[in-house]
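Raw contents of upload25.pdb, PDB, C-alpha atoms:
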```
ATOM      1  CA  MET A   1     -35.222  13.177-142.880
ATOM      2  CA  ALA A   2     -35.012  11.618-139.435
ATOM      3  CA  ILE A   3     -35.128  14.064-136.576
ATOM      4  CA  VAL A   4     -32.351  14.293-134.055
ATOM      5  CA  VAL A   5     -33.656  14.834-130.547
ATOM      6  CA  ASN A   6     -31.051  15.599-127.896
ATOM      7  CA  LEU A   7     -31.987  13.143-125.163
ATOM      8  CA  GLU A   8     -29.090  14.052-122.837
ATOM      9  CA  ASN A   9     -29.301  10.557-121.357
ATOM     10  CA  GLU A  10     -32.727  11.404-119.915
ATOM     11  CA  ARG A  11     -34.647   8.489-121.335
ATOM     12  CA  GLY A  12     -37.033   6.735-119.053
ATOM     13  CA  LYS A  13     -37.128   3.006-118.549
ATOM     14  CA  LYS A  14     -35.427   1.305-121.485
ATOM     15  CA  GLY A  15     -37.487  -1.006-123.591
ATOM     16  CA  ALA A  16     -40.833   0.246-122.304
ATOM     17  CA  SER A  17     -43.615  -1.571-124.111
ATOM     18  CA  LEU A  18     -47.216  -2.642-123.952
ATOM     19  CA  ASP A  19     -46.203  -6.161-122.934
ATOM     20  CA  ALA A  20     -47.002  -5.894-119.222
ATOM     21  CA  LEU A  21     -50.367  -4.280-119.885
ATOM     22  CA  THR A  22     -51.236  -6.744-122.633
ATOM     23  CA  ALA A  23     -50.362  -9.711-120.415
ATOM     24  CA  LEU A  24     -52.344  -8.265-117.518
ATOM     25  CA  VAL A  25     -55.575  -7.868-119.507
ATOM     26  CA  SER A  26     -55.144 -10.541-122.197
ATOM     27  CA  ASP A  27     -58.134 -12.662-121.176
ATOM     28  CA  ASP A  28     -60.399  -9.650-120.814
ATOM     29  CA  LEU A  29     -59.126  -8.157-124.070
ATOM     30  CA  ALA A  30     -60.060 -11.341-125.909
ATOM     31  CA  LEU A  31     -63.604 -10.878-124.597
ATOM     32  CA  VAL A  32     -63.554  -7.229-125.678
ATOM     33  CA  ASN A  33     -62.489  -8.198-129.198
ATOM     34  CA  LYS A  34     -65.247 -10.815-129.299
ATOM     35  CA  THR A  35     -67.787  -8.222-128.147
ATOM     36  CA  ILE A  36     -66.597  -5.718-130.749
ATOM     37  CA  VAL A  37     -67.057  -8.238-133.564
ATOM     38  CA  GLU A  38     -70.528  -9.177-132.300
ATOM     39  CA  ARG A  39     -71.723  -5.629-131.722
ATOM     40  CA  MET A  40     -70.562  -4.161-135.013
ATOM     41  CA  HIS A  41     -72.805  -6.645-136.821
ATOM     42  CA  SER A  42     -75.539  -5.186-138.992
ATOM     43  CA  PRO A  43     -77.815  -6.545-141.728
ATOM     44  CA  VAL A  44     -76.457  -3.713-143.872
ATOM     45  CA  GLU A  45     -73.394  -5.531-145.202
ATOM     46  CA  LEU A  46     -71.262  -2.446-145.794
ATOM     47  CA  ILE A  47     -71.290  -1.547-142.073
ATOM     48  CA  PRO A  48     -69.447  -4.603-140.657
ATOM     49  CA  GLN A  49     -67.306  -4.728-143.791
ATOM     50  CA  LEU A  50     -66.048  -1.165-143.458
ATOM     51  CA  ALA A  51     -65.928  -1.161-139.647
ATOM     52  CA  GLY A  52     -64.082  -4.462-139.661
ATOM     53  CA  HIS A  53     -61.500  -3.020-142.044
ATOM     54  CA  ILE A  54     -60.383  -0.316-139.624
ATOM     55  CA  ILE A  55     -60.849  -2.356-136.447
ATOM     56  CA  ALA A  56     -58.732  -5.186-137.860
ATOM     57  CA  ALA A  57     -56.021  -2.809-139.090
ATOM     58  CA  GLY A  58     -53.726  -3.530-136.158
ATOM     59  CA  GLY A  59     -54.508  -0.862-133.579
ATOM     60  CA  LYS A  60     -53.035  -1.261-130.116
ATOM     61  CA  ARG A  61     -56.436  -1.144-128.356
ATOM     62  CA  LEU A  62     -54.750   1.151-125.845
ATOM     63  CA  ARG A  63     -57.897   2.945-124.698
ATOM     64  CA  PRO A  64     -59.975  -0.166-123.933
ATOM     65  CA  MET A  65     -56.916  -1.748-122.301
ATOM     66  CA  LEU A  66     -56.763   1.270-119.987
ATOM     67  CA  THR A  67     -60.369   0.611-118.972
ATOM     68  CA  LEU A  68     -59.568  -3.034-118.288
ATOM     69  CA  ALA A  69     -56.408  -2.220-116.317
ATOM     70  CA  ALA A  70     -58.077   0.550-114.301
ATOM     71  CA  SER A  71     -60.853  -1.881-113.403
ATOM     72  CA  LYS A  72     -58.279  -4.415-112.208
ATOM     73  CA  LEU A  73     -56.480  -1.714-110.244
ATOM     74  CA  CYS A  74     -59.756  -0.983-108.445
ATOM     75  CA  GLY A  75     -60.527  -4.644-107.785
ATOM     76  CA  HIS A  76     -63.552  -4.943-110.083
ATOM     77  CA  ARG A  77     -65.360  -8.258-109.940
ATOM     78  CA  GLY A  78     -67.728  -8.856-112.816
ATOM     79  CA  GLN A  79     -68.053  -8.278-116.550
ATOM     80  CA  ARG A  80     -69.227  -4.674-116.867
ATOM     81  CA  HIS A  81     -65.751  -3.488-117.791
ATOM     82  CA  ILE A  82     -65.799  -5.725-120.904
ATOM     83  CA  LEU A  83     -68.848  -4.008-122.363
ATOM     84  CA  LEU A  84     -67.581  -0.546-121.478
ATOM     85  CA  ALA A  85     -64.087  -1.153-122.857
ATOM     86  CA  SER A  86     -65.781  -2.183-126.113
ATOM     87  CA  CYS A  87     -67.784   1.029-125.972
ATOM     88  CA  VAL A  88     -64.582   3.071-125.592
ATOM     89  CA  GLU A  89     -63.075   1.367-128.635
ATOM     90  CA  PHE A  90     -66.196   2.045-130.719
ATOM     91  CA  ILE A  91     -66.007   5.737-129.840
ATOM     92  CA  HIS A  92     -62.324   5.832-130.753
ATOM     93  CA  THR A  93     -62.838   3.953-134.027
ATOM     94  CA  ALA A  94     -65.702   6.250-135.020
ATOM     95  CA  THR A  95     -63.438   9.269-134.550
ATOM     96  CA  LEU A  96     -60.717   7.639-136.664
ATOM     97  CA  LEU A  97     -63.168   7.170-139.528
ATOM     98  CA  HIS A  98     -64.268  10.788-139.294
ATOM     99  CA  ASP A  99     -60.690  12.073-138.881
ATOM    100  CA  ASP A 100     -59.494  10.324-142.033
ATOM    101  CA  VAL A 101     -62.273  12.013-143.991
ATOM    102  CA  VAL A 102     -61.520  15.438-142.527
ATOM    103  CA  ASP A 103     -57.784  15.000-143.134
ATOM    104  CA  ASP A 104     -58.283  13.361-146.553
ATOM    105  CA  SER A 105     -55.962  10.569-145.389
ATOM    106  CA  SER A 106     -55.235   7.677-147.728
ATOM    107  CA  LEU A 107     -53.431   5.488-145.165
ATOM    108  CA  ARG A 108     -54.345   4.193-141.719
ATOM    109  CA  ARG A 109     -51.722   2.044-139.935
ATOM    110  CA  GLY A 110     -50.022   1.223-143.202
ATOM    111  CA  LEU A 111     -53.189   0.115-145.000
ATOM    112  CA  ALA A 112     -55.547   1.968-147.287
ATOM    113  CA  SER A 113     -57.895   4.042-145.139
ATOM    114  CA  ALA A 114     -61.597   3.234-145.191
ATOM    115  CA  ASN A 115     -62.418   6.470-147.013
ATOM    116  CA  ALA A 116     -59.821   5.627-149.672
ATOM    117  CA  VAL A 117     -61.513   2.268-150.258
ATOM    118  CA  TRP A 118     -65.229   3.040-149.798
ATOM    119  CA  GLY A 119     -65.373   6.822-150.082
ATOM    120  CA  ASN A 120     -66.040   9.647-147.661
ATOM    121  CA  LYS A 121     -69.801   9.254-147.413
ATOM    122  CA  SER A 122     -69.633   5.622-146.362
ATOM    123  CA  SER A 123     -66.881   6.325-143.834
ATOM    124  CA  VAL A 124     -68.794   9.157-142.183
ATOM    125  CA  LEU A 125     -72.013   7.151-141.970
ATOM    126  CA  VAL A 126     -70.333   4.035-140.573
ATOM    127  CA  GLY A 127     -68.574   6.268-138.067
ATOM    128  CA  ASP A 128     -72.015   7.543-137.052
ATOM    129  CA  PHE A 129     -73.183   3.945-136.683
ATOM    130  CA  LEU A 130     -70.278   3.123-134.350
ATOM    131  CA  PHE A 131     -70.993   6.199-132.220
ATOM    132  CA  SER A 132     -74.622   5.128-131.984
ATOM    133  CA  ARG A 133     -73.665   1.551-131.127
ATOM    134  CA  ALA A 134     -71.406   2.886-128.374
ATOM    135  CA  PHE A 135     -74.351   4.695-126.821
ATOM    136  CA  GLU A 136     -76.431   1.518-127.022
ATOM    137  CA  LEU A 137     -73.718  -0.221-125.005
ATOM    138  CA  MET A 138     -73.722   2.586-122.439
ATOM    139  CA  VAL A 139     -77.475   2.270-121.991
ATOM    140  CA  GLU A 140     -77.146  -1.507-121.725
ATOM    141  CA  ASP A 141     -74.695  -1.036-118.855
ATOM    142  CA  GLY A 142     -77.391   0.968-117.109
ATOM    143  CA  SER A 143     -75.204   3.328-115.075
ATOM    144  CA  LEU A 144     -76.081   7.012-115.297
ATOM    145  CA  PRO A 145     -72.617   8.082-114.026
ATOM    146  CA  VAL A 146     -70.947   5.978-116.729
ATOM    147  CA  LEU A 147     -73.330   7.355-119.352
ATOM    148  CA  ALA A 148     -72.557  10.891-118.182
ATOM    149  CA  ILE A 149     -68.787  10.356-118.329
ATOM    150  CA  LEU A 150     -68.641   8.693-121.745
ATOM    151  CA  SER A 151     -71.251  10.906-123.394
ATOM    152  CA  ARG A 152     -69.447  13.991-122.115
ATOM    153  CA  ALA A 153     -66.143  12.629-123.407
ATOM    154  CA  SER A 154     -67.739  12.079-126.827
ATOM    155  CA  SER A 155     -68.995  15.654-127.043
ATOM    156  CA  VAL A 156     -65.696  17.109-125.777
ATOM    157  CA  LEU A 157     -63.834  14.994-128.331
ATOM    158  CA  ALA A 158     -65.977  16.421-131.131
ATOM    159  CA  GLU A 159     -65.389  19.936-129.789
ATOM    160  CA  GLY A 160     -61.661  19.276-129.879
ATOM    161  CA  GLU A 161     -61.774  18.216-133.513
ATOM    162  CA  VAL A 162     -63.697  21.359-134.436
ATOM    163  CA  LEU A 163     -61.290  23.493-132.396
ATOM    164  CA  GLN A 164     -58.404  21.926-134.309
ATOM    165  CA  LEU A 165     -60.062  23.027-137.550
ATOM    166  CA  VAL A 166     -60.306  26.558-136.155
ATOM    167  CA  THR A 167     -56.594  26.643-135.274
ATOM    168  CA  ALA A 168     -55.464  24.971-138.517
ATOM    169  CA  ASN A 169     -53.187  27.164-140.641
ATOM    170  CA  ASP A 170     -53.014  29.784-137.875
ATOM    171  CA  THR A 171     -49.416  30.396-136.807
ATOM    172  CA  SER A 172     -50.616  32.801-134.107
ATOM    173  CA  THR A 173     -52.012  29.844-132.145
ATOM    174  CA  SER A 174     -50.621  29.852-128.607
ATOM    175  CA  GLU A 175     -49.276  26.866-126.724
ATOM    176  CA  ASP A 176     -52.184  27.136-124.268
ATOM    177  CA  ALA A 177     -54.698  27.129-127.119
ATOM    178  CA  TYR A 178     -53.095  24.032-128.610
ATOM    179  CA  LEU A 179     -53.122  22.262-125.267
ATOM    180  CA  ASP A 180     -56.854  22.987-125.121
ATOM    181  CA  VAL A 181     -57.191  21.196-128.464
ATOM    182  CA  ILE A 182     -55.346  18.050-127.420
ATOM    183  CA  ARG A 183     -57.015  17.892-124.005
ATOM    184  CA  ALA A 184     -60.307  17.716-125.861
ATOM    185  CA  LYS A 185     -59.555  15.677-128.990
ATOM    186  CA  THR A 186     -57.308  13.056-127.387
ATOM    187  CA  ALA A 187     -56.956  13.266-123.615
ATOM    188  CA  ALA A 188     -60.680  13.419-122.783
ATOM    189  CA  LEU A 189     -61.281   9.858-123.993
ATOM    190  CA  PHE A 190     -58.145   8.600-122.201
ATOM    191  CA  ALA A 191     -59.468  10.189-118.997
ATOM    192  CA  ALA A 192     -62.945   8.713-119.389
ATOM    193  CA  ALA A 193     -61.575   5.257-120.249
ATOM    194  CA  CYS A 194     -59.654   5.214-116.966
ATOM    195  CA  GLN A 195     -62.271   6.921-114.805
ATOM    196  CA  ILE A 196     -64.996   4.385-115.534
ATOM    197  CA  GLY A 197     -62.730   1.677-114.112
ATOM    198  CA  ALA A 198     -63.324   3.218-110.683
ATOM    199  CA  ILE A 199     -67.040   3.717-111.338
ATOM    200  CA  VAL A 200     -67.756   0.064-112.182
ATOM    201  CA  SER A 201     -65.732  -0.960-109.109
ATOM    202  CA  ASP A 202     -67.730   1.368-106.840
ATOM    203  CA  ARG A 203     -64.558   3.002-105.566
ATOM    204  CA  PRO A 204     -64.341   6.288-103.583
ATOM    205  CA  LYS A 205     -64.444   9.618-105.409
ATOM    206  CA  VAL A 206     -60.765  10.245-104.702
ATOM    207  CA  GLU A 207     -59.796   7.129-106.687
ATOM    208  CA  GLU A 208     -62.125   8.077-109.518
ATOM    209  CA  GLN A 209     -60.512  11.527-109.690
ATOM    210  CA  ALA A 210     -57.024  10.023-109.538
ATOM    211  CA  LEU A 211     -57.727   7.763-112.510
ATOM    212  CA  GLU A 212     -59.298  10.636-114.427
ATOM    213  CA  SER A 213     -56.148  12.717-113.819
ATOM    214  CA  TYR A 214     -53.923   9.803-114.812
ATOM    215  CA  GLY A 215     -55.793   9.295-118.084
ATOM    216  CA  LEU A 216     -55.983  13.000-118.922
ATOM    217  CA  ASN A 217     -52.266  13.609-118.465
ATOM    218  CA  LEU A 218     -51.318  10.354-120.168
ATOM    219  CA  GLY A 219     -53.473  11.396-123.125
ATOM    220  CA  ILE A 220     -51.778  14.795-123.349
ATOM    221  CA  ALA A 221     -48.343  13.144-123.269
ATOM    222  CA  PHE A 222     -49.466  10.612-125.903
ATOM    223  CA  GLN A 223     -50.626  13.344-128.305
ATOM    224  CA  LEU A 224     -47.524  15.491-127.804
ATOM    225  CA  ILE A 225     -45.392  12.518-128.818
ATOM    226  CA  ASP A 226     -47.643  12.003-131.836
ATOM    227  CA  ASP A 227     -46.834  15.613-132.754
ATOM    228  CA  VAL A 228     -43.123  14.763-132.666
ATOM    229  CA  LEU A 229     -43.534  11.481-134.547
ATOM    230  CA  ASP A 230     -45.047  13.280-137.536
ATOM    231  CA  TYR A 231     -41.553  14.639-138.213
ATOM    232  CA  SER A 232     -39.669  11.427-137.412
ATOM    233  CA  ALA A 233     -38.482   8.644-139.690
ATOM    234  CA  LYS A 234     -40.238   6.296-137.252
ATOM    235  CA  GLN A 235     -43.532   7.593-138.639
ATOM    236  CA  GLU A 236     -42.989   5.674-141.858
ATOM    237  CA  LYS A 237     -42.390   2.472-139.888
ATOM    238  CA  LEU A 238     -45.772   3.047-138.238
ATOM    239  CA  GLY A 239     -47.436   3.053-141.637
ATOM    240  CA  LYS A 240     -47.994   6.793-141.815
ATOM    241  CA  ALA A 241     -46.676   9.353-144.235
ATOM    242  CA  LEU A 242     -43.896  11.559-142.905
ATOM    243  CA  GLY A 243     -44.935  15.198-142.474
ATOM    244  CA  ASP A 244     -48.691  14.820-142.933
ATOM    245  CA  ASP A 245     -49.367  17.486-140.301
ATOM    246  CA  PHE A 246     -47.045  19.887-142.124
ATOM    247  CA  ARG A 247     -48.631  19.267-145.534
ATOM    248  CA  GLU A 248     -52.126  19.753-144.075
ATOM    249  CA  GLY A 249     -51.160  22.933-142.241
ATOM    250  CA  LYS A 250     -51.909  21.499-138.806
ATOM    251  CA  ILE A 251     -50.561  23.673-136.050
ATOM    252  CA  THR A 252     -48.911  21.407-133.496
ATOM    253  CA  LEU A 253     -46.550  22.232-130.658
ATOM    254  CA  PRO A 254     -43.278  21.685-132.588
ATOM    255  CA  ILE A 255     -44.421  24.287-135.132
ATOM    256  CA  ILE A 256     -45.729  26.681-132.470
ATOM    257  CA  LEU A 257     -42.396  26.650-130.628
ATOM    258  CA  ALA A 258     -40.288  26.935-133.809
ATOM    259  CA  PHE A 259     -42.424  29.844-135.041
ATOM    260  CA  ARG A 260     -42.175  31.700-131.726
ATOM    261  CA  ARG A 261     -38.402  31.235-131.554
ATOM    262  CA  GLY A 262     -37.657  32.048-135.191
ATOM    263  CA  ASP A 263     -36.604  35.276-136.879
ATOM    264  CA  ASP A 264     -38.678  37.198-139.416
ATOM    265  CA  GLU A 265     -37.415  35.129-142.338
ATOM    266  CA  GLU A 266     -38.225  31.873-140.581
ATOM    267  CA  ARG A 267     -41.679  33.074-139.601
ATOM    268  CA  ALA A 268     -42.302  34.031-143.221
ATOM    269  CA  PHE A 269     -41.438  30.430-144.162
ATOM    270  CA  TRP A 270     -44.035  29.058-141.717
ATOM    271  CA  GLN A 271     -46.645  31.559-142.929
ATOM    272  CA  ARG A 272     -46.044  30.550-146.552
ATOM    273  CA  THR A 273     -46.006  26.796-146.018
ATOM    274  CA  VAL A 274     -48.473  26.332-143.161
ATOM    275  CA  GLU A 275     -50.844  29.298-143.321
ATOM    276  CA  ARG A 276     -51.096  29.641-147.103
ATOM    277  CA  LEU A 277     -50.095  26.020-147.857
ATOM    278  CA  GLU A 278     -47.738  27.189-150.592
ATOM    279  CA  GLN A 279     -45.455  24.171-150.776
ATOM    280  CA  ALA A 280     -44.159  24.056-154.329
ATOM    281  CA  ASP A 281     -41.458  21.535-153.380
ATOM    282  CA  GLU A 282     -42.988  19.531-150.528
ATOM    283  CA  ASP A 283     -39.882  17.497-149.748
ATOM    284  CA  LYS A 284     -37.598  20.528-149.690
ATOM    285  CA  ASP A 285     -40.004  22.515-147.531
ATOM    286  CA  LEU A 286     -40.481  19.607-145.147
ATOM    287  CA  ARG A 287     -36.717  19.165-144.783
ATOM    288  CA  HIS A 288     -36.388  22.864-144.000
ATOM    289  CA  ALA A 289     -39.255  22.699-141.494
ATOM    290  CA  ILE A 290     -37.495  19.844-139.654
ATOM    291  CA  HIS A 291     -34.229  21.783-139.778
ATOM    292  CA  LEU A 292     -35.886  24.774-138.099
ATOM    293  CA  MET A 293     -37.465  22.534-135.456
ATOM    294  CA  GLU A 294     -34.076  21.020-134.686
ATOM    295  CA  LYS A 295     -32.409  24.445-134.694
ATOM    296  CA  HIS A 296     -34.839  25.786-132.116
ATOM    297  CA  GLN A 297     -35.130  22.474-130.204
ATOM    298  CA  SER A 298     -38.900  22.506-130.602
ATOM    299  CA  LEU A 299     -39.045  18.736-131.092
ATOM    300  CA  ALA A 300     -36.890  18.028-128.036
ATOM    301  CA  ASP A 301     -38.909  20.503-125.961
ATOM    302  CA  THR A 302     -42.171  18.899-127.060
ATOM    303  CA  VAL A 303     -40.806  15.590-125.762
ATOM    304  CA  ASN A 304     -39.895  17.336-122.517
ATOM    305  CA  ARG A 305     -43.447  18.695-122.244
ATOM    306  CA  ALA A 306     -44.687  15.119-122.691
ATOM    307  CA  ARG A 307     -42.372  13.972-119.898
ATOM    308  CA  HIS A 308     -43.880  16.663-117.654
ATOM    309  CA  TYR A 309     -47.429  15.423-118.209
ATOM    310  CA  GLY A 310     -46.230  11.848-117.865
ATOM    311  CA  ALA A 311     -44.847  12.712-114.426
ATOM    312  CA  ILE A 312     -48.234  14.140-113.409
ATOM    313  CA  ALA A 313     -49.916  10.938-114.591
ATOM    314  CA  ARG A 314     -47.464   8.873-112.550
ATOM    315  CA  ASP A 315     -48.119  10.947-109.426
ATOM    316  CA  ALA A 316     -51.876  10.516-109.846
ATOM    317  CA  LEU A 317     -51.469   6.780-109.236
ATOM    318  CA  GLY A 318     -49.673   7.408-105.951
ATOM    319  CA  ILE A 319     -52.780   6.785-103.832
ATOM    320  CA  PHE A 320     -53.066   3.206-105.074
ATOM    321  CA  PRO A 321     -51.156   0.347-103.420
ATOM    322  CA  GLU A 322     -48.466  -1.450-105.389
ATOM    323  CA  SER A 323     -49.883  -4.119-107.693
ATOM    324  CA  PRO A 324     -49.305  -5.613-111.158
ATOM    325  CA  ALA A 325     -52.055  -3.327-112.505
ATOM    326  CA  LYS A 326     -50.407  -0.210-111.097
ATOM    327  CA  ALA A 327     -47.023  -1.274-112.455
ATOM    328  CA  ALA A 328     -48.506  -1.864-115.914
ATOM    329  CA  LEU A 329     -50.218   1.541-115.926
ATOM    330  CA  ILE A 330     -46.934   3.219-114.980
ATOM    331  CA  ASP A 331     -45.121   1.307-117.749
ATOM    332  CA  ILE A 332     -47.605   2.727-120.261
ATOM    333  CA  ILE A 333     -46.432   6.245-119.417
ATOM    334  CA  ASP A 334     -42.881   5.287-120.399
ATOM    335  CA  PHE A 335     -44.127   3.491-123.512
ATOM    336  CA  CYS A 336     -46.118   6.502-124.720
ATOM    337  CA  ILE A 337     -43.133   8.818-124.365
ATOM    338  CA  GLU A 338     -40.436   6.453-125.645
ATOM    339  CA  ARG A 339     -42.327   6.009-128.932
ATOM    340  CA  ALA A 340     -40.456   9.139-130.045
ATOM    341  CA  PHE A 341     -37.088   7.390-129.986
TER     342      PHE A 341
END
```
For the file at hand, write its structure as structure tokens.
Amino acid sequence: MAIVVNLENERGKKGASLDALTALVSDDLALVNKTIVERMHSPVELIPQLAGHIIAAGGKRLRPMLTLAASKLCGHRGQRHILLASCVEFIHTATLLHDDVVDDSSLRRGLASANAVWGNKSSVLVGDFLFSRAFELMVEDGSLPVLAILSRASSVLAEGEVLQLVTANDTSTSEDAYLDVIRAKTAALFAAACQIGAIVSDRPKVEEQALESYGLNLGIAFQLIDDVLDYSAKQEKLGKALGDDFREGKITLPIILAFRRGDDEERAFWQRTVERLEQADEDKDLRHAIHLMEKHQSLADTVNRARHYGAIARDALGIFPESPAKAALIDIIDFCIERAF
């Protein structure tokens, strides 16, 4: 059931990876991982046990690495970025725990999800603990601007998740409405993770805004590619079930575009399978859904949308002088988009 996206030889840099970013921040990332282990400790044994399960599940640590790289880009001298990168990862991990409960997911990065092992109640409560621990770290940093940025990102993220529930199973959802969802549920934390790199470095407002724009547009591109990956054979290699969004009736851009471009019969298919969740033969319906997406080029066009936002992210870094940090941040744009291939 692998998708076929017509790339027309338009791929970005071949072999884009996290290697440059990982090498750039490796020492700092080791300190972040050490801080995460220390700060998720609790005398209530279930909390570090469950939190450790998802944190150790092999995530890329992309969001905290963005904080570390943005801090390097801005010439930060000190250790504040370590604590705040840990805070960003706690916020992200808390949302993953909550998301898996909402989505009734049984897998997370190829392993049993926390809610599958310990149940929904434990997952929600440990997620709450990680959110609370993140705010403790913000207060410990002592910066009101940082507190304002990260607390706002947390509330916007929650709004995005609720907005996604509102648009679920609704084939009338517009592209603009869906972009509002992903700006909130994904891109807001990317933006905050980058923006605080300028704050801790005491850089001018124009650099802070540039990093916020970079993170926001990178986050949008990242989520659009996630939308494509849900219908790609690569999804299974990432330890996720193929077509989860389809089975759950999530309205993502590939479906929005295919629905808009389809005829009455095709729209009736989407209304049956996605709105009413009538999927008597899941595999057959999923194959047909992918066929319609390929027919109307909705997967390829979603990748092209991601390229557009990636270009905006790249331009946002234009005010910064050339450096290893800038090069690594630009490489991440290519990495996020090339995950689709």
Legend entry - Counting all atoms listed in the file, the residue of A:Ile256, A:Ala193, A:Ala134, A:Val124 that sits nearest Thr171 (chain A): A:Ile256
Legend entry - Separation of CA of Val228 (chain A) from CA of Glu212 (chain A), in Å and rounded to one decimal: 24.7 Å
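When you apply the PyMOL selection byres ((chain A and resi 169) around 6) to this structure, what comes back is Ala168, Asp170, Gly249, Val274 and Glu275 of chain A.
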Legend entry - Selection under test: the PyMOL selection byres ((chain A and resi 90-100) around 6); residues as a ChimeraX atom specification: /A:87-89,101-105,123-124,127,130-131,134
Selection export as a short mmCIF file (atom, residue, chain, number, x, y, z; two decimals), keeping the file's coordinate frame, atoms kept: C-alpha atoms:
```cif
data_model
loop_
_atom_site.label_atom_id
_atom_site.label_comp_id
_atom_site.auth_asym_id
_atom_site.auth_seq_id
_atom_site.Cartn_x
_atom_site.Cartn_y
_atom_site.Cartn_z
CA CYS A 87 -67.78 1.03 -125.97
CA VAL A 88 -64.58 3.07 -125.59
CA GLU A 89 -63.08 1.37 -128.64
CA VAL A 101 -62.27 12.01 -143.99
CA VAL A 102 -61.52 15.44 -142.53
CA ASP A 103 -57.78 15.00 -143.13
CA ASP A 104 -58.28 13.36 -146.55
CA SER A 105 -55.96 10.57 -145.39
CA SER A 123 -66.88 6.32 -143.83
CA VAL A 124 -68.79 9.16 -142.18
CA GLY A 127 -68.57 6.27 -138.07
CA LEU A 130 -70.28 3.12 -134.35
CA PHE A 131 -70.99 6.20 -132.22
CA ALA A 134 -71.41 2.89 -128.37
#
```
Taking all listed atoms of region 188-204 of chain A, build the axis-aligned box, pad each of the six sides by 8 Å, then write its centre and edge lengths in Å to one decimal as JSON.
```
{"center_x": -63.0, "center_y": 6.2, "center_z": -113.8, "size_x": 25.6, "size_y": 30.4, "size_z": 36.4}
```
Inset, instruction - Determine the nearest neighbour of Asp128 (chain A) from the options A:Ile182, A:Ala153, A:Met40, A:Val200, counting all atoms listed in the file. - result: A:Met40
Legend entry - Test item: residues at most 12 Å from Ala268 (chain A), all atoms listed in the file, excluding those fewer than 6 positions along its chain, as a list in words: Thr171, Ala258, Phe259, Arg260, Gly262, Val274, Glu275, Arg276, Glu278 and Ala289 of chain A
